[in-house]
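**Student:** For reference, the structure I am asking about is given below.
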Amino acid sequence: MKVVAGSASVALGRGLGKALGAPFVETAYEKHPGGFPDGERYVRVLGDVAGDDVVLVQTTHPDPKIIELLLLVDAVRDLKPKRISLVIPYFGYGRQDQRFEQGEALSARVLANHLQMGVDEVFTMGLHNPEVVKFFDVPAREVSGMPAVGRYLKDRDIDFVLAPDDGAVRHVKEVAETAGKPWDALQKTRLDSYTVKFEPKRLDVRGKRVAIVDDVISTGGTVALAAKELKAQGARHVLAAAVHGLFTANAWDKLAVCDEVAASDTIPSRATKFSVAPEFAAAIRTTR
Ligand code: R5P
């Protein structure tokens, strides 16, 4: 087995190689220093994968990484591997999983249709809707990243693990189990796409160190409001942790209310503090 990674997932690809005991094959992402003048992507796989079982890793965010992945599948395929397992750590466009209004594109299905061409199986993580795996015709599986969050929190000085809303309860239960910490939940009401409000709720967080856990931090609105609420109720320390850290728009300004922010390596950022490589490695092993 060998691991090849796109430029969105180099660190995770290396970690996955170590976890699987598989060599990491280097890839060039630029033909000339600084890239093409028109900004077009380029890839060249710098090793031999003929006859190999190849694990190809690339997050599909932001958009240029999607093009890069399409190029990588072609490049790897041309080197005649035995099999390609595609790992999409963060499935960009996965949230548009239905046509909410007439005339819209079904983005998640479009991506699935195109990304699966030339690969034998797909692994992804933390989907907004687990049903999205059904858009793939090749075997596709969603892997949970919550045990990785739990491992990160296990040795931290944290009293509670907290879900910012009911939707995050199943995630927090999984994290709490791995971390060996108690859990609770706040109640959130979403007013519109940009605004969420927390109903006042009596939580015994006074003087406590609390970890808010969600599947994804996007605009930061959800965890920032939860953190504000916890601080108002007397929490001493608030850590926000998620599998995927997108940090769009002015997310970091909003998140200033948190004492710490941690996310996995599915989307590399300044918040990346733990890896989901063990989760993907375990999932890949089960199909061998
Ligand atoms: C909601 O369904 C998700 O679990 C997250 O709570 C949400 O996507 C986070 O988004 P934001 O950071 O923009 O509040």
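Ligands are numbered from 1 in the order shown, residues from 1 within each chain, and chains are lettered A, B, ... in the order they appear in the structure tokens.
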Give the residue list for ligand 1 at 8 Å, counting only C-alpha atoms and all ligand atoms, as a list in words, sorted by chain and then by residue number.
**Tutor:** His128, Pro164, Asp165, Gly167, Ala168, Tyr194, Val196, Asp214, Asp215, Val216, Ile217, Ser218, Thr219, Gly220, Gly221, Thr222, Val223, Ala224, Phe247, Thr248 and Ala251 of chain A
**Student:** Using only C-alpha atoms, which protein or nucleic acid residues come within 8 Å of Lys80 (chain A)? Drop anything in the same chain fewer than 6 positions from it, and give the result as a PyMOL selection string.
**Tutor:** chain A and resi 49-51
**Student:** Write the residues of the preceding selection, restricted to N, CA and C atoms, as a PDB file, in the first residue's frame.
**Tutor:**
ATOM      1  N   VAL A  49       3.755   3.854  -8.502  1.00  0.00           N
ATOM      2  CA  VAL A  49       2.693   3.150  -7.770  1.00  0.00           C
ATOM      3  C   VAL A  49       2.115   2.010  -8.609  1.00  0.00           C
ATOM      4  N   ALA A  50       2.839   1.612  -9.651  1.00  0.00           N
ATOM      5  CA  ALA A  50       2.353   0.536 -10.536  1.00  0.00           C
ATOM      6  C   ALA A  50       2.085  -0.725  -9.718  1.00  0.00           C
ATOM      7  N   GLY A  51       0.906  -1.270  -9.856  1.00  0.00           N
ATOM      8  CA  GLY A  51       0.535  -2.507  -9.160  1.00  0.00           C
ATOM      9  C   GLY A  51       0.242  -2.322  -7.682  1.00  0.00           C
TER      10      GLY A  51
END
**Student:** Please identify all polymer residues within 8 Å of Gly92 (chain A), counting only C-alpha atoms, omitting same-chain residues fewer than 6 positions from it, and present them as a list of chain:residue names.
**Tutor:**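 Residues near the query, excluding close chain neighbours: A:Thr59, A:Thr60, A:His61, A:Pro62.
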**Student:** Residues of the last selection are to be written out with C-alpha atoms, as a compact mmCIF listing (two decimals), in the first residue's frame.
**Tutor:**
# COMPACT_ATOMS: atom_id res chain seq x y z
CA THR A 59 -10.06 17.49 1.07
CA THR A 60 -12.40 19.12 -1.47
CA HIS A 61 -12.15 22.63 -0.05
CA PRO A 62 -11.50 25.28 -1.21
**Student:** Could you pull out the strand (DSSP E or B) residues of region 28-220 of chain A from DSSP and send them as a ChimeraX atom specification?
**Tutor:** /A:28,44-45,53-57,83-88,121-125,140-143,160-163,183-185,188-192,195-198,209-217
**Student:** Identify all residues of region 61-288 of chain A in alpha helix (DSSP H) (DSSP on the backbone) and supply them as a PyMOL selection string.
**Tutor:** chain A and resi 64-78+107-115+146-154+169-179+221-232+251-254+277-286
**Student:** Could you check which of A:Val161, A:Ala112, A:Val3, A:Leu72 is closest to Gly15 (chain A), using only C-alpha atoms?
**Tutor:**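 Distance minimum relative to Gly15 (chain A) lands on A:Val3.
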**Student:** If we count only C-alpha atoms and set the cut-off at 10 Å, which residues sit around region 97-104 of chain A, ignoring sequence neighbours fewer than 2 positions away in its own chain? Please answer as a list in words.
**Tutor:**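 With the cut-off at 10 Å, the set is Tyr93, Gly94, Arg95, Leu106, Ser107, Ala108, Arg109, Val110, Leu127, His128, Asn129, Pro130, Glu131, Val132 and Phe135 of chain A.
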**Student:** Taking 3 positions as the minimum chain separation for residues in the same chain, which residues sit within 8 Å of Arg14 (chain A) when counting only C-alpha atoms? Answer as a ChimeraX atom specification.
**Tutor:** /A:3,10-11,17-18,24
**Student:** Report as JSON lines the residues of region 40-86 of chain A within 12 Å of region 263-287 of chain A, each with its shortest atom pair and distance in Å (one decimal), using only C-alpha atoms, ordered by chain and increasing residue number.
**Tutor:**
{"residue": "A:Asp53", "atom": "CA", "partner": "A:Ile284", "partner_atom": "CA", "distance": 11.1}
{"residue": "A:Val54", "atom": "CA", "partner": "A:Ile284", "partner_atom": "CA", "distance": 11.0}
{"residue": "A:Val55", "atom": "CA", "partner": "A:Ile284", "partner_atom": "CA", "distance": 8.8}
{"residue": "A:Leu56", "atom": "CA", "partner": "A:Ile284", "partner_atom": "CA", "distance": 11.5}
{"residue": "A:Val57", "atom": "CA", "partner": "A:Thr266", "partner_atom": "CA", "distance": 10.0}
{"residue": "A:Gln58", "atom": "CA", "partner": "A:Thr266", "partner_atom": "CA", "distance": 8.8}
{"residue": "A:Thr59", "atom": "CA", "partner": "A:Thr266", "partner_atom": "CA", "distance": 6.8}
{"residue": "A:Thr60", "atom": "CA", "partner": "A:Ile267", "partner_atom": "CA", "distance": 9.3}
{"residue": "A:His61", "atom": "CA", "partner": "A:Ile267", "partner_atom": "CA", "distance": 7.9}
{"residue": "A:Pro62", "atom": "CA", "partner": "A:Ile267", "partner_atom": "CA", "distance": 9.5}
{"residue": "A:Lys65", "atom": "CA", "partner": "A:Ile267", "partner_atom": "CA", "distance": 11.3}
{"residue": "A:Ile84", "atom": "CA", "partner": "A:Ile284", "partner_atom": "CA", "distance": 11.3}
{"residue": "A:Ser85", "atom": "CA", "partner": "A:Ile284", "partner_atom": "CA", "distance": 8.2}
{"residue": "A:Leu86", "atom": "CA", "partner": "A:Ile284", "partner_atom": "CA", "distance": 10.0}
**Student:** Dump C-alpha atoms for the selected residues as a short mmCIF file (atom, residue, chain, number, x, y, z; two decimals), in the first residue's frame?
**Tutor:**
data_model
loop_
_atom_site.label_atom_id
_atom_site.label_comp_id
_atom_site.auth_asym_id
_atom_site.auth_seq_id
_atom_site.Cartn_x
_atom_site.Cartn_y
_atom_site.Cartn_z
CA ASP A 53 -2.89 -0.40 -3.53
CA VAL A 54 -3.01 3.42 -3.45
CA VAL A 55 -4.70 5.55 -0.81
CA LEU A 56 -5.31 9.00 -2.29
CA VAL A 57 -6.12 11.77 0.21
CA GLN A 58 -7.55 15.18 -0.58
CA THR A 59 -10.06 17.49 1.07
CA THR A 60 -12.40 19.12 -1.47
CA HIS A 61 -12.15 22.63 -0.05
CA PRO A 62 -11.50 25.28 -1.21
CA LYS A 65 -8.44 21.54 -4.40
CA ILE A 84 -7.34 3.47 -5.57
CA SER A 85 -9.02 4.22 -2.27
CA LEU A 86 -10.05 7.85 -2.15
#
**Student:** Quote the spacing between CA of Gly207 (chain A) and CA of Val149 (chain A) in Å to one decimal place.
**Tutor:**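 If I compute the distance from CA of Gly207 (chain A) to CA of Val149 (chain A), I get 23.0 Å.
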**Student:** Work out how far apart CA of His244 (chain A) and CA of Leu230 (chain A) are and give it in Å to one decimal.
**Tutor:** 22.1 Å
**Student:** For CA of Ala176 (chain A) and CA of Arg156 (chain A), determine how far apart the two atoms are, in Å to one decimal place.
**Tutor:**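 Result for CA of Ala176 (chain A) versus CA of Arg156 (chain A): 12.4 Å, one decimal.
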